[in-house]
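Q: Here it is, the structure, as structure tokens.
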Amino acid sequence: MNTFTKINDLKAEINKQKAAGKTIGFVPTMGYLHEGHASLMDHARKENDIVVLSIFVNPLQFGPKEDLASYPRDLERDQQVAENHKVDFIFYPTVDEMYPKEPSVTVTVKDRTDVLCGKSRPGHFDGVATVLTKLFHIVSPDKVYFGMKDAQQVAVVDGLVNDFNFPLEIVSVPTVREEDGLAKSSRNVNLLPEERKQAPAIYQGLKLAEKAIQNGEKDPSKIVELVKAHIQEQTEGSIDYVEIYSYPELKVMEELNGKIIIAVAVVFTKVRLIDNLIISGL
């Protein structure tokens with residue numbers, strides 16, 4: 001496994017591999033790797049000749065009230081995790097390498113951002129789309145891997161790839177869960193012991209919604225109330241949102257049909273947890 005810090009060095013290696021007919025799988029991350037990232041790496045390993053992992057804490061996607069400096073970093077640990085999951089190349093650039101001067105062009109996301117977590121983080125997805133545009137050009141991957149835990153990000157990237165005709169395939173990987181259903185996250189350690197016992201109710205609420213839909217319920221408002229009621233009864237957390245949209249368009253629906261997302265955010269004492277369920281074929 002090799003670690004590259006310079007764009008031109010990585011591009012030269014990628015060009016050599018592609019000239020040899022190798023396929024490239026790419027996992028973009030901000031580091032501090034966990035089981036969710038490991039699942040992405042494992043999927044990429046199964047489907048590609050070469051796996052590239054990027055580790056870059058992108059300043060463009062942090063808002064003024066979000067502390068970029070405090071974002072956790074541990075390159076040595078990340079390198080070990082990547083090696084354990086058979087990554088070939090790590091791309092670990094500095095901010096100066098990625099943004100040597102003030103960008104003259106950035107990407108502005110016009111759609112799919114004014115709902116869910118995006119509505120409280122203006123500009124966040126502009127930063128995501130800008131850095132991914134750069135990374136897609138640098139890595140030239142055949143397939144790029146994203147976790148469905150952040151389904152809104154996957155929807156935004158879907159729009160980016162389709163609108164700009166990137167010659168790559170987005171592979172969305174199912175959310176990795178604990179045995180009790182709680183979506184795995186590095187934030188889970190911040191739950192108080194009693195909150196950790198309650199937190200699986202988030203996924204239970206989503207599954208109740210799925211069952212109600214399978215039984216014929218088409219009214220989004222009734223599904224939302226069902227999920228809210230379960231979470232409120234089973235946890236002491238404060239519900240930030242329970243929302244239903246078409247997916248990946250993230251549009252409001254009067255009646256459920258096609259492919260939808262039910263998404264939830266719940267705030268506990270020291271942590272805000274998100275989860276979602278995608279339901280198709282309605």
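Residue names in the structure tokens use chain letters A, B, ... in the order shown, residue numbers from 1 in each chain, and ligand numbers from 1 in the order shown.
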A:Val271: which residues within 12 Å, counting only C-alpha atoms, same-chain residues fewer than 3 positions away excluded, as a ChimeraX atom specification?

A: /A:185-192,195-196,199,237-238,240,265-268,274

Q: Apply DSSP to the structure's backbone, then extract all residues of stretch 29-211 of chain A labelled alpha helix (DSSP H) and return them as a VMD selection string.

A: chain A and resid 35 to 47 75 to 84 95 to 98 124 to 139 151 to 163 193 to 198 201 to 211

Q: Considering only C-alpha atoms, return as a list in words whatever protein or nucleic-acid residues lie within 9 Å of A:Val57, sequence-local ones (same chain, fewer than 5 positions apart) excluded.

A: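 Counting only the stated atoms, we get Thr29, Met30, Gly31, Leu68, Tyr71, Arg73, Thr94 and Val95 of chain A.
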
Q: For the residues in that selection, give me N, CA and C atoms as a tab-separated table (two decimals), in the first residue's frame.

A:
```tsv
chain	number	residue	atom	x	y	z
A	29	THR	N	-13.07	9.91	1.67
A	29	THR	CA	-13.39	10.05	3.09
A	29	THR	C	-12.71	11.29	3.67
A	30	MET	N	-13.10	11.63	4.90
A	30	MET	CA	-12.38	12.64	5.66
A	30	MET	C	-11.57	11.99	6.78
A	31	GLY	N	-11.37	10.68	6.65
A	31	GLY	CA	-10.53	9.99	7.62
A	31	GLY	C	-11.25	9.62	8.90
A	68	LEU	N	-13.59	23.25	12.19
A	68	LEU	CA	-12.73	22.46	11.32
A	68	LEU	C	-11.53	21.92	12.08
A	71	TYR	N	-11.98	18.60	14.10
A	71	TYR	CA	-12.39	17.36	13.44
A	71	TYR	C	-11.32	16.29	13.70
A	73	ARG	N	-8.55	13.48	13.66
A	73	ARG	CA	-7.60	13.03	12.65
A	73	ARG	C	-6.64	12.03	13.29
A	94	THR	N	-2.55	17.83	1.46
A	94	THR	CA	-2.74	18.97	2.36
A	94	THR	C	-3.79	19.90	1.76
A	95	VAL	N	-4.27	20.84	2.56
A	95	VAL	CA	-5.21	21.85	2.05
A	95	VAL	C	-4.54	22.67	0.96
```

Q: Taking only C-alpha atoms into account, name the residue in A:His137, A:Lys228, A:Arg77, A:Lys110 that is nearest to A:Asn165.

A: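 Between A:His137, A:Lys228, A:Arg77, A:Lys110, the residue approaching A:Asn165 most closely is A:His137.
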
Q: How many Å lie between atom CA of A:Leu273 and atom CA of A:Leu53, rounded to one decimal?

A: 25.3 Å

Q: Considering only C-alpha atoms, can you say which of A:Met98, A:Ala82, A:Val171, A:Leu282 comes closest to A:Thr3?

A: A:Ala82

Q: Ranking A:Lys134, A:Lys211, A:His37, A:His85 by minimum distance to A:Phe146 and counting only C-alpha atoms, which one comes first?

A: A:His37

Q: Please measure the separation of atom CA of A:Gln232 and atom CA of A:Ile213, giving the value in Å to one decimal.

A: 20.4 Å

Q: Hey, what does DSSP flag as strand (DSSP E or B) within stretch 5-244 of chain A? Can you give it to me as a PyMOL selection string?

A: chain A and resi 24-29+50-55+89-91+143-147+169-173+177+183+238-244

Q: I'd like the interatomic distance between atom CA of A:Lys22 and atom CA of A:Leu10, to a tenth of an Å.

A: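 Going from atom CA of A:Lys22 over to atom CA of A:Leu10 covers 14.8 Å.
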
Q: Go through A:Asp275, A:Gly205, A:Asp219, A:Arg45 one by one, measure the shortest atom-to-atom distance of each to A:Arg177 using only C-alpha atoms, and give the residue with the smallest value.

A: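 Nearest candidate to A:Arg177 out of A:Asp275, A:Gly205, A:Asp219, A:Arg45: A:Asp275.
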
Q: If we count only C-alpha atoms and set the cut-off at 12 Å, which residues sit around A:Glu217, ignoring sequence neighbours fewer than 6 positions away in its own chain? Please answer as a CSV table (one decimal) with N, CA and C atoms, in the first residue's frame.

A:
```
chain,number,residue,atom,x,y,z
A,208,LEU,N,-41.2,0.2,11.4
A,208,LEU,CA,-42.6,0.3,11.6
A,208,LEU,C,-43.2,1.0,10.4
A,209,ALA,N,-42.6,2.1,9.9
A,209,ALA,CA,-43.1,2.8,8.8
A,209,ALA,C,-43.1,1.9,7.5
A,210,GLU,N,-42.0,1.2,7.4
A,210,GLU,CA,-41.9,0.3,6.2
A,210,GLU,C,-43.0,-0.7,6.2
A,211,LYS,N,-43.3,-1.3,7.4
A,211,LYS,CA,-44.4,-2.3,7.5
A,211,LYS,C,-45.7,-1.7,7.1
A,223,ILE,N,-47.4,8.3,8.0
A,223,ILE,CA,-46.2,7.6,8.2
A,223,ILE,C,-45.3,8.4,9.1
A,224,VAL,N,-45.2,9.7,8.9
A,224,VAL,CA,-44.3,10.6,9.7
A,224,VAL,C,-44.8,10.5,11.2
A,226,LEU,N,-46.4,8.2,12.7
A,226,LEU,CA,-46.1,6.8,13.2
A,226,LEU,C,-44.7,6.8,13.8
A,255,GLU,N,-48.6,11.7,-2.2
A,255,GLU,CA,-49.0,10.3,-2.0
A,255,GLU,C,-47.7,9.5,-2.3
A,256,LEU,N,-47.4,8.5,-1.5
A,256,LEU,CA,-46.2,7.7,-1.7
A,256,LEU,C,-46.3,6.8,-3.0
A,257,ASN,N,-45.2,7.0,-3.8
A,257,ASN,CA,-45.1,6.1,-5.0
A,257,ASN,C,-43.7,6.1,-5.5
A,282,LEU,N,-42.9,1.4,-5.1
A,282,LEU,CA,-44.3,1.7,-4.6
A,282,LEU,C,-45.2,2.1,-5.7
```

Q: Hey, what's within 12 Å of A:Asp9 if we count only C-alpha atoms and toss same-chain stuff fewer than 4 positions away? As an MDAnalysis selection string, please?

A: chainID A and resid 2:5 13:16 89:93 97 138:139

Q: Return the single residue from A:Lys222, A:Pro193, A:Gln80, A:Asp163 that is closest to A:Lys270, with distances computed using only C-alpha atoms.

A: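 Looking only at the distances to A:Lys270, the closest residue turns out to be A:Pro193.
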